[in-house]
>>> print(open('upload-v9.cif').read())   # mmCIF, C-alpha atoms
data_work
#
loop_
_atom_site.group_PDB
_atom_site.id
_atom_site.type_symbol
_atom_site.label_atom_id
_atom_site.label_comp_id
_atom_site.auth_asym_id
_atom_site.auth_seq_id
_atom_site.Cartn_x
_atom_site.Cartn_y
_atom_site.Cartn_z
ATOM 1 C CA MET G 1 -94.890 53.410 -58.519
ATOM 2 C CA SER G 2 -92.520 53.818 -55.569
ATOM 3 C CA PHE G 3 -93.156 52.452 -52.099
ATOM 4 C CA ARG G 4 -90.485 54.713 -50.633
ATOM 5 C CA VAL G 5 -91.903 56.946 -47.913
ATOM 6 C CA ARG G 6 -90.291 60.213 -46.870
ATOM 7 C CA GLY G 7 -92.965 61.682 -44.601
ATOM 8 C CA ASP G 8 -92.218 63.474 -41.369
ATOM 9 C CA ALA G 9 -93.913 60.691 -39.416
ATOM 10 C CA ASP G 10 -91.517 58.070 -40.724
ATOM 11 C CA ARG G 11 -88.534 60.282 -40.011
ATOM 12 C CA ARG G 12 -89.692 60.755 -36.435
ATOM 13 C CA ILE G 13 -90.185 57.010 -36.018
ATOM 14 C CA LYS G 14 -86.748 56.371 -37.468
ATOM 15 C CA SER G 15 -85.204 58.885 -35.070
ATOM 16 C CA ARG G 16 -86.892 57.282 -32.056
ATOM 17 C CA LEU G 17 -85.812 53.798 -33.121
ATOM 18 C CA GLU G 18 -82.225 54.976 -33.536
ATOM 19 C CA LYS G 19 -82.216 56.394 -30.014
ATOM 20 C CA ARG G 20 -83.553 53.086 -28.693
ATOM 21 C CA GLY G 21 -80.909 51.125 -30.596
ATOM 22 C CA ALA G 22 -83.601 49.220 -32.481
ATOM 23 C CA PHE G 23 -81.581 49.018 -35.694
ATOM 24 C CA GLY G 24 -79.054 46.240 -36.200
ATOM 25 C CA ALA G 25 -75.407 47.316 -36.448
ATOM 26 C CA VAL G 26 -75.185 45.676 -39.872
ATOM 27 C CA LEU G 27 -77.513 48.366 -41.271
ATOM 28 C CA ASN G 28 -74.755 50.971 -40.876
ATOM 29 C CA LYS G 29 -72.717 49.328 -43.625
ATOM 30 C CA LYS G 30 -73.059 50.604 -47.182
ATOM 31 C CA VAL G 31 -74.297 48.428 -50.036
ATOM 32 C CA ASP G 32 -73.726 48.929 -53.766
ATOM 33 C CA MET G 33 -76.843 47.471 -55.393
ATOM 34 C CA SER G 34 -75.204 47.529 -58.839
ATOM 35 C CA LYS G 35 -72.944 44.651 -57.745
ATOM 36 C CA ILE G 36 -75.794 42.389 -56.653
ATOM 37 C CA ASP G 37 -77.810 39.771 -58.533
ATOM 38 C CA LEU G 38 -81.234 41.107 -57.573
ATOM 39 C CA LYS G 39 -83.118 38.162 -59.042
ATOM 40 C CA VAL G 40 -81.529 35.828 -56.490
ATOM 41 C CA ILE G 41 -82.206 38.256 -53.634
ATOM 42 C CA GLU G 42 -85.804 38.837 -54.716
ATOM 43 C CA ASN G 43 -86.469 35.097 -54.680
ATOM 44 C CA TRP G 44 -85.172 34.968 -51.112
ATOM 45 C CA VAL G 45 -87.319 37.982 -50.125
ATOM 46 C CA LYS G 46 -90.431 36.267 -51.456
ATOM 47 C CA GLU G 47 -89.706 33.014 -49.628
ATOM 48 C CA ARG G 48 -88.712 34.688 -46.349
ATOM 49 C CA ILE G 49 -91.697 37.038 -46.156
ATOM 50 C CA THR G 50 -94.070 34.202 -47.013
ATOM 51 C CA GLN G 51 -92.478 32.181 -44.228
ATOM 52 C CA LEU G 52 -92.857 35.014 -41.705
ATOM 53 C CA LEU G 53 -96.457 35.871 -42.598
ATOM 54 C CA GLY G 54 -97.660 32.360 -43.327
ATOM 55 C CA PHE G 55 -98.926 33.382 -46.763
ATOM 56 C CA GLU G 56 -97.654 35.131 -49.892
ATOM 57 C CA ASP G 57 -98.321 38.858 -49.511
ATOM 58 C CA GLU G 58 -97.627 40.565 -52.840
ATOM 59 C CA VAL G 59 -97.879 44.031 -51.283
ATOM 60 C CA VAL G 60 -95.114 43.459 -48.732
ATOM 61 C CA ILE G 61 -92.944 41.554 -51.204
ATOM 62 C CA GLY G 62 -93.456 44.316 -53.765
ATOM 63 C CA LEU G 63 -92.550 46.985 -51.220
ATOM 64 C CA VAL G 64 -89.179 45.377 -50.524
ATOM 65 C CA THR G 65 -88.295 44.532 -54.128
ATOM 66 C CA ASN G 66 -89.247 48.000 -55.356
ATOM 67 C CA VAL G 67 -87.060 49.641 -52.734
ATOM 68 C CA LEU G 68 -84.136 47.437 -53.779
ATOM 69 C CA GLN G 69 -84.691 48.149 -57.474
ATOM 70 C CA GLN G 70 -85.045 51.919 -57.140
ATOM 71 C CA THR G 71 -81.650 53.435 -57.890
ATOM 72 C CA THR G 72 -82.742 56.941 -58.958
ATOM 73 C CA ASP G 73 -85.069 59.483 -57.381
ATOM 74 C CA ALA G 74 -88.420 59.467 -59.181
ATOM 75 C CA TYR G 75 -88.681 63.259 -58.938
ATOM 76 C CA THR G 76 -85.140 64.557 -59.414
ATOM 77 C CA GLY G 77 -83.525 61.695 -61.314
ATOM 78 C CA HIS G 78 -80.572 61.779 -58.909
ATOM 79 C CA PRO G 79 -78.914 58.512 -57.795
ATOM 80 C CA ILE G 80 -80.126 57.272 -54.424
ATOM 81 C CA LYS G 81 -78.935 54.683 -51.948
ATOM 82 C CA VAL G 82 -81.197 52.116 -50.343
ATOM 83 C CA ASP G 83 -81.838 53.185 -46.745
ATOM 84 C CA ALA G 84 -82.061 49.969 -44.714
ATOM 85 C CA LYS G 85 -83.328 51.756 -41.606
ATOM 86 C CA GLU G 86 -86.074 53.467 -43.574
ATOM 87 C CA LEU G 87 -87.044 50.101 -45.039
ATOM 88 C CA GLN G 88 -87.326 48.641 -41.537
ATOM 89 C CA VAL G 89 -89.630 51.503 -40.523
ATOM 90 C CA GLN G 90 -91.859 50.872 -43.543
ATOM 91 C CA LEU G 91 -92.030 47.144 -42.837
ATOM 92 C CA THR G 92 -92.840 47.483 -39.145
ATOM 93 C CA GLY G 93 -96.533 47.975 -39.904
ATOM 94 C CA PHE G 94 -96.573 44.691 -41.813
ATOM 95 C CA LEU G 95 -94.070 42.471 -40.021
ATOM 96 C CA ALA G 96 -94.221 44.002 -36.516
ATOM 97 C CA LYS G 97 -91.406 42.579 -34.350
ATOM 98 C CA ASP G 98 -90.058 40.565 -37.291
ATOM 99 C CA ALA G 99 -89.253 43.707 -39.310
ATOM 100 C CA GLY G 100 -85.900 44.322 -37.602
ATOM 101 C CA PRO G 101 -84.555 40.750 -37.864
ATOM 102 C CA PHE G 102 -85.780 40.480 -41.460
ATOM 103 C CA VAL G 103 -84.072 43.681 -42.637
ATOM 104 C CA SER G 104 -80.858 42.811 -40.775
ATOM 105 C CA GLU G 105 -80.835 39.375 -42.404
ATOM 106 C CA LEU G 106 -81.528 40.911 -45.812
ATOM 107 C CA TRP G 107 -78.803 43.522 -45.388
ATOM 108 C CA ALA G 108 -76.245 40.910 -44.332
ATOM 109 C CA LEU G 109 -77.011 38.961 -47.522
ATOM 110 C CA LEU G 110 -76.605 42.099 -49.639
ATOM 111 C CA ILE G 111 -73.234 42.854 -48.045
ATOM 112 C CA ASP G 112 -72.113 39.284 -48.680
ATOM 113 C CA ALA G 113 -73.371 39.420 -52.274
ATOM 114 C CA GLN G 114 -71.662 42.676 -53.232
ATOM 115 C CA ASP G 115 -68.252 41.194 -52.395
ATOM 116 C CA ALA G 116 -68.884 37.878 -54.158
ATOM 117 C CA PRO G 117 -68.448 37.059 -57.861
ATOM 118 C CA TYR G 118 -71.665 37.651 -59.804
ATOM 119 C CA GLY G 119 -73.362 39.234 -56.812
ATOM 120 C CA ILE G 120 -74.681 35.988 -55.308
ATOM 121 C CA PRO G 121 -74.436 35.629 -51.508
ATOM 122 C CA ARG G 122 -71.767 33.080 -50.700
ATOM 123 C CA VAL G 123 -74.013 31.556 -48.063
ATOM 124 C CA PHE G 124 -76.452 30.631 -50.856
ATOM 125 C CA VAL G 125 -73.680 28.955 -52.826
ATOM 126 C CA GLU G 126 -72.496 26.963 -49.808
ATOM 127 C CA ARG G 127 -76.059 25.870 -49.071
ATOM 128 C CA LYS G 128 -76.518 24.732 -52.654
ATOM 129 C CA LYS G 129 -73.276 22.766 -52.455
ATOM 130 C CA ARG G 130 -74.625 20.774 -49.533
ATOM 131 C CA GLU G 131 -77.868 20.128 -51.396
ATOM 132 C CA LEU G 132 -76.081 18.916 -54.507
ATOM 133 C CA LEU G 133 -73.724 16.419 -52.862
ATOM 134 C CA PRO G 134 -73.622 13.751 -54.131
ATOM 135 C CA VAL G 135 -74.624 14.885 -57.589
ATOM 136 C CA THR G 136 -74.196 13.969 -61.223
ATOM 137 C CA THR G 137 -72.701 16.261 -63.826
ATOM 138 C CA GLU G 138 -74.846 18.053 -66.342
ATOM 139 C CA ILE G 139 -72.840 16.844 -69.303
ATOM 140 C CA VAL G 140 -74.392 13.715 -70.769
ATOM 141 C CA GLN G 141 -73.725 11.775 -73.909
ATOM 142 C CA GLU G 142 -76.013 9.802 -76.157
ATOM 143 C CA LYS G 143 -74.351 6.457 -76.836
ATOM 144 C CA ARG G 144 -75.300 3.608 -79.118
ATOM 145 C CA SER G 145 -76.591 0.493 -77.406
ATOM 146 C CA PRO G 146 -74.274 -2.541 -77.509
ATOM 147 C CA ASN G 147 -77.311 -4.534 -78.608
ATOM 148 C CA PRO G 148 -77.432 -4.477 -82.461
ATOM 149 C CA GLU G 149 -81.214 -4.451 -82.323
ATOM 150 C CA GLU G 150 -81.055 -1.212 -80.373
ATOM 151 C CA ASP G 151 -78.517 0.598 -82.564
ATOM 152 C CA SER G 152 -81.100 3.203 -83.448
ATOM 153 C CA CYS G 153 -81.885 3.881 -79.797
ATOM 154 C CA LYS G 154 -79.859 6.264 -77.691
ATOM 155 C CA LYS G 155 -79.456 6.524 -73.986
ATOM 156 C CA LYS G 156 -77.986 9.108 -71.664
ATOM 157 C CA ARG G 157 -75.073 8.353 -69.440
ATOM 158 C CA GLN G 158 -74.055 10.522 -66.490
ATOM 159 C CA CYS G 159 -70.711 10.761 -64.744
ATOM 160 C CA ARG G 160 -70.701 10.897 -60.951
ATOM 161 C CA TRP G 161 -68.511 13.146 -58.871
ATOM 162 C CA ASP G 162 -65.028 12.016 -58.064
ATOM 163 C CA THR G 163 -64.752 12.642 -54.323
ATOM 164 C CA GLN G 164 -60.976 13.001 -54.546
ATOM 165 C CA ASP G 165 -59.351 16.264 -55.518
ATOM 166 C CA ALA G 166 -57.526 16.447 -58.822
ATOM 167 C CA SER G 167 -55.595 18.842 -60.998
ATOM 168 C CA PRO G 168 -57.813 20.896 -63.321
ATOM 169 C CA ALA G 169 -55.554 20.374 -66.303
ATOM 170 C CA PRO G 170 -56.227 17.273 -68.437
ATOM 171 C CA GLN G 171 -54.353 14.366 -66.866
ATOM 172 C CA LYS G 172 -54.072 10.991 -68.566
ATOM 173 C CA GLN G 173 -55.108 8.067 -66.365
ATOM 174 C CA ASP G 174 -55.280 4.974 -68.567
ATOM 175 C CA ASP G 175 -56.735 7.063 -71.408
ATOM 176 C CA LYS G 176 -58.817 9.107 -68.959
ATOM 177 C CA ILE G 177 -58.590 12.820 -68.271
ATOM 178 C CA VAL G 178 -59.783 15.094 -65.482
ATOM 179 C CA VAL G 179 -60.823 18.683 -66.196
ATOM 180 C CA ARG G 180 -62.576 21.660 -64.684
ATOM 181 C CA HIS G 181 -65.083 23.696 -66.636
ATOM 182 C CA ILE G 182 -67.570 26.541 -66.496
ATOM 183 C CA LEU G 183 -70.944 26.044 -68.163
ATOM 184 C CA ILE G 184 -73.242 28.936 -68.983
ATOM 185 C CA LYS G 185 -76.615 27.861 -70.292
ATOM 186 C CA HIS G 186 -78.885 29.934 -72.488
ATOM 187 C CA ALA G 187 -82.461 29.779 -73.737
ATOM 188 C CA GLU G 188 -81.446 27.516 -76.641
ATOM 189 C CA SER G 189 -79.655 24.967 -74.446
ATOM 190 C CA ARG G 190 -80.886 21.383 -74.478
ATOM 191 C CA ARG G 191 -82.279 21.848 -70.967
ATOM 192 C CA PRO G 192 -82.541 25.579 -70.144
ATOM 193 C CA SER G 193 -82.607 25.220 -66.366
ATOM 194 C CA SER G 194 -80.005 24.687 -63.668
ATOM 195 C CA TRP G 195 -79.332 24.700 -59.940
ATOM 196 C CA ARG G 196 -79.033 28.490 -60.166
ATOM 197 C CA GLU G 197 -82.179 29.241 -62.139
ATOM 198 C CA LYS G 198 -85.265 27.146 -62.868
ATOM 199 C CA CYS G 199 -86.021 28.789 -66.205
ATOM 200 C CA ILE G 200 -83.068 30.265 -68.084
ATOM 201 C CA THR G 201 -83.998 33.022 -70.529
ATOM 202 C CA LEU G 202 -80.484 34.343 -71.193
ATOM 203 C CA SER G 203 -79.870 34.652 -74.929
ATOM 204 C CA ARG G 204 -77.041 32.740 -76.566
ATOM 205 C CA VAL G 205 -75.382 36.017 -77.573
ATOM 206 C CA ASP G 206 -75.452 37.338 -74.006
ATOM 207 C CA ALA G 207 -74.207 34.018 -72.639
ATOM 208 C CA TYR G 208 -71.286 34.095 -75.075
ATOM 209 C CA SER G 209 -70.469 37.689 -74.146
ATOM 210 C CA GLU G 210 -70.521 36.867 -70.435
ATOM 211 C CA LEU G 211 -68.281 33.832 -70.860
ATOM 212 C CA GLU G 212 -65.884 35.784 -73.060
ATOM 213 C CA THR G 213 -65.545 38.374 -70.285
ATOM 214 C CA ILE G 214 -64.781 35.608 -67.792
ATOM 215 C CA ARG G 215 -62.210 34.110 -70.158
ATOM 216 C CA LYS G 216 -60.371 37.428 -70.473
ATOM 217 C CA LYS G 217 -60.194 37.721 -66.691
ATOM 218 C CA LEU G 218 -58.957 34.149 -66.345
ATOM 219 C CA LEU G 219 -56.176 34.691 -68.875
ATOM 220 C CA VAL G 220 -54.627 37.395 -66.688
ATOM 221 C CA ALA G 221 -55.249 35.641 -63.365
ATOM 222 C CA SER G 222 -52.178 34.914 -61.258
ATOM 223 C CA ASN G 223 -53.491 31.416 -60.502
ATOM 224 C CA LEU G 224 -55.615 30.098 -63.360
ATOM 225 C CA GLU G 225 -56.814 26.995 -61.515
ATOM 226 C CA GLU G 226 -58.004 28.884 -58.439
ATOM 227 C CA ALA G 227 -59.607 31.620 -60.526
ATOM 228 C CA LEU G 228 -61.543 29.199 -62.727
ATOM 229 C CA SER G 229 -62.613 27.176 -59.699
ATOM 230 C CA SER G 230 -63.941 30.340 -58.054
ATOM 231 C CA TYR G 231 -65.856 31.451 -61.141
ATOM 232 C CA ALA G 232 -67.258 27.953 -61.629
ATOM 233 C CA THR G 233 -68.497 27.818 -58.043
ATOM 234 C CA GLN G 234 -70.256 31.155 -58.347
ATOM 235 C CA ARG G 235 -71.493 31.127 -61.937
ATOM 236 C CA SER G 236 -71.441 27.720 -63.623
ATOM 237 C CA ASP G 237 -74.850 26.258 -64.445
ATOM 238 C CA CYS G 238 -73.450 22.739 -64.184
ATOM 239 C CA PRO G 239 -73.844 20.905 -60.852
ATOM 240 C CA SER G 240 -70.049 20.503 -61.004
ATOM 241 C CA ALA G 241 -70.014 24.039 -59.572
ATOM 242 C CA VAL G 242 -70.153 22.352 -56.172
ATOM 243 C CA LYS G 243 -66.587 21.103 -56.792
ATOM 244 C CA GLY G 244 -65.263 24.217 -58.477
ATOM 245 C CA GLY G 245 -66.171 22.876 -61.923
ATOM 246 C CA LEU G 246 -64.305 19.589 -61.431
ATOM 247 C CA ILE G 247 -65.455 16.685 -63.607
ATOM 248 C CA ALA G 248 -64.421 13.173 -62.605
ATOM 249 C CA ALA G 249 -61.997 11.235 -64.815
ATOM 250 C CA PHE G 250 -63.591 10.207 -68.104
ATOM 251 C CA ARG G 251 -62.660 8.399 -71.323
ATOM 252 C CA ARG G 252 -63.518 9.186 -74.898
ATOM 253 C CA GLY G 253 -67.119 8.196 -75.457
ATOM 254 C CA ASP G 254 -68.279 8.981 -71.919
ATOM 255 C CA LEU G 255 -69.499 12.540 -72.451
ATOM 256 C CA ASP G 256 -70.837 14.847 -75.127
ATOM 257 C CA ARG G 257 -68.685 14.508 -78.252
ATOM 258 C CA THR G 258 -68.122 18.245 -78.728
ATOM 259 C CA PHE G 259 -67.044 18.666 -75.117
ATOM 260 C CA GLU G 260 -64.775 15.610 -75.287
ATOM 261 C CA GLN G 261 -63.017 16.700 -78.462
ATOM 262 C CA ALA G 262 -62.197 20.056 -76.923
ATOM 263 C CA ALA G 263 -61.092 18.546 -73.605
ATOM 264 C CA PHE G 264 -58.826 15.881 -75.127
ATOM 265 C CA SER G 265 -57.231 18.357 -77.529
ATOM 266 C CA LEU G 266 -56.118 20.720 -74.742
ATOM 267 C CA ARG G 267 -52.565 20.763 -73.449
ATOM 268 C CA PRO G 268 -52.224 20.609 -69.633
ATOM 269 C CA GLY G 269 -52.754 23.986 -68.004
ATOM 270 C CA VAL G 270 -54.161 25.635 -71.146
ATOM 271 C CA LEU G 271 -57.564 27.333 -71.075
ATOM 272 C CA SER G 272 -59.875 26.496 -73.958
ATOM 273 C CA HIS G 273 -61.688 28.895 -76.205
ATOM 274 C CA ILE G 274 -65.464 29.015 -75.743
ATOM 275 C CA ILE G 275 -66.931 25.602 -76.582
ATOM 276 C CA ASP G 276 -70.497 25.364 -77.870
ATOM 277 C CA SER G 277 -72.282 22.125 -76.932
ATOM 278 C CA PRO G 278 -75.959 21.119 -76.670
ATOM 279 C CA SER G 279 -75.759 21.817 -72.921
ATOM 280 C CA GLY G 280 -74.567 25.394 -73.425
ATOM 281 C CA LEU G 281 -71.277 27.278 -73.629
ATOM 282 C CA HIS G 282 -68.154 26.048 -71.832
ATOM 283 C CA LEU G 283 -64.672 27.052 -70.799
ATOM 284 C CA ILE G 284 -62.445 24.041 -70.106
ATOM 285 C CA LEU G 285 -59.160 23.797 -68.237
#
>>> encode(input="upload-v9.cif", output="structure tokens")
Amino acid sequence: MSFRVRGDADRRIKSRLEKRGAFGAVLNKKVDMSKIDLKVIENWVKERITQLLGFEDEVVIGLVTNVLQQTTDAYTGHPIKVDAKELQVQLTGFLAKDAGPFVSELWALLIDAQDAPYGIPRVFVERKKRELLPVTTEIVQEKRSPNPEEDSCKKKRQCRWDTQDASPAPQKQDDKIVVRHILIKHAESRRPSSWREKCITLSRVDAYSELETIRKKLLVASNLEEALSSYATQRSDCPSAVKGGLIAAFRRGDLDRTFEQAAFSLRPGVLSHIIDSPSGLHLIL
């Protein structure tokens, strides 16, 4: 079912609002919905409308999300563009004076998202960075207890962020190295949730395919470090995304064994193949 309205009444209202300058200037900019991560935007729509109304209204939320999802005309099958001004007209009956500011805010996020890697508004990423600092990395390792009586017990150890910048290539520091990485989790990961998504349902096959695509792009990048850092910030499921995928200096035995073996075997400045660990799939630099 489509919530899109094309009646004469709405067109007349839209025309009057245009003459009055009631539409924000940002609504004149075009948006390519195919470049946007709609799941992230839909979550924001739900939270923002609930905040404006004081309760969760499924009808209003559904109206907005359906308009954003509709890319073809239900009658002709022809491609259609989301009309932000028409959306504002439709929402006026529900949000009253808040309809204009809401649609302008939504449209600004869509414009930001279409120009960002993976279609996530950069303002969301920056906000998440502030929330995650200071933060611990996702990669943990189960180590044996030094107490012989506890040899059969295992405990998790987490590495905290190094607040100083460092080169992404493995650098020896008294048997320590520093790396950057991208982690993509999938439904079979040890903990299928992250700062980006509470419940990850992505299949392992799709996660591998996505990371392989990223790897191909990185291999032809003019600046591998900057490119990986950018992709990590936008897409990595590890909290290290807040630092462009940077993991603080670590020794052998500090992290997951599979991850460590791959990291320590890399030559400086060389991008790894896809590494499969209990946390998910990685690219390491």
>>> residues_around(input="upload-v9.cif", residues="Val64 of chain G", least_positions_apart="2", cutoff="9 Å", atoms="all atoms listed in the file", output="PyMOL selection string")
chain G and resi 3+42+45+59-62+66-69+87+91
>>> axis_aligned_box(input="upload-v9.cif", around="segment 250-261 of chain G", padding_each_side="5 Å", output="JSON")
{"center_x": -66.7, "center_y": 13.4, "center_z": -73.4, "size_x": 18.2, "size_y": 20.5, "size_z": 20.6}
>>> resolve_selection(input="upload-v9.cif", expression="the PyMOL selection byres ((chain G and resi 104) around 10)", output="PyMOL selection string")
chain G and resi 23-27+84-85+88+99-103+105-110
>>> resolve_selection(input="upload-v9.cif", expression="the PyMOL selection byres ((chain G and resi 193) around 12)", output="list of chain:residue names")
G:Glu138, G:Leu183, G:Ile184, G:Lys185, G:His186, G:Ala187, G:Glu188, G:Ser189, G:Arg190, G:Arg191, G:Pro192, G:Ser194, G:Trp195, G:Arg196, G:Glu197, G:Lys198, G:Cys199, G:Ile200, G:Thr201, G:Leu202, G:Ser236, G:Asp237, G:Cys238, G:Pro239, G:Ser279, G:Gly280
>>> resolve_selection(input="upload-v9.cif", expression="the PyMOL selection byres ((chain G and resi 210) around 12)", output="list in words")
Tyr118, Ile182, Leu183, Ile184, Lys185, His186, Leu202, Ser203, Arg204, Val205, Asp206, Ala207, Tyr208, Ser209, Leu211, Glu212, Thr213, Ile214, Arg215, Lys216, Lys217, Tyr231, Arg235, Ser236, Ile274, Leu281, His282 and Leu283 of chain G
>>> closest_residue(input="upload-v9.cif", among="G:Val178, G:Val242, G:Leu219, G:Ile36", to="His273 of chain G", atoms="all atoms listed in the file")
G:Leu219
>>> residues_around(input="upload-v9.cif", residues="Thr258 of chain G", least_positions_apart="3", cutoff="7 Å", atoms="only C-alpha atoms", output="number ranges by chain")
G: 261-262, 277
>>> atom_distance(input="upload-v9.cif", atom1="atom CA of Glu47 of chain G", atom2="atom CA of Met33 of chain G")
20.2 Å
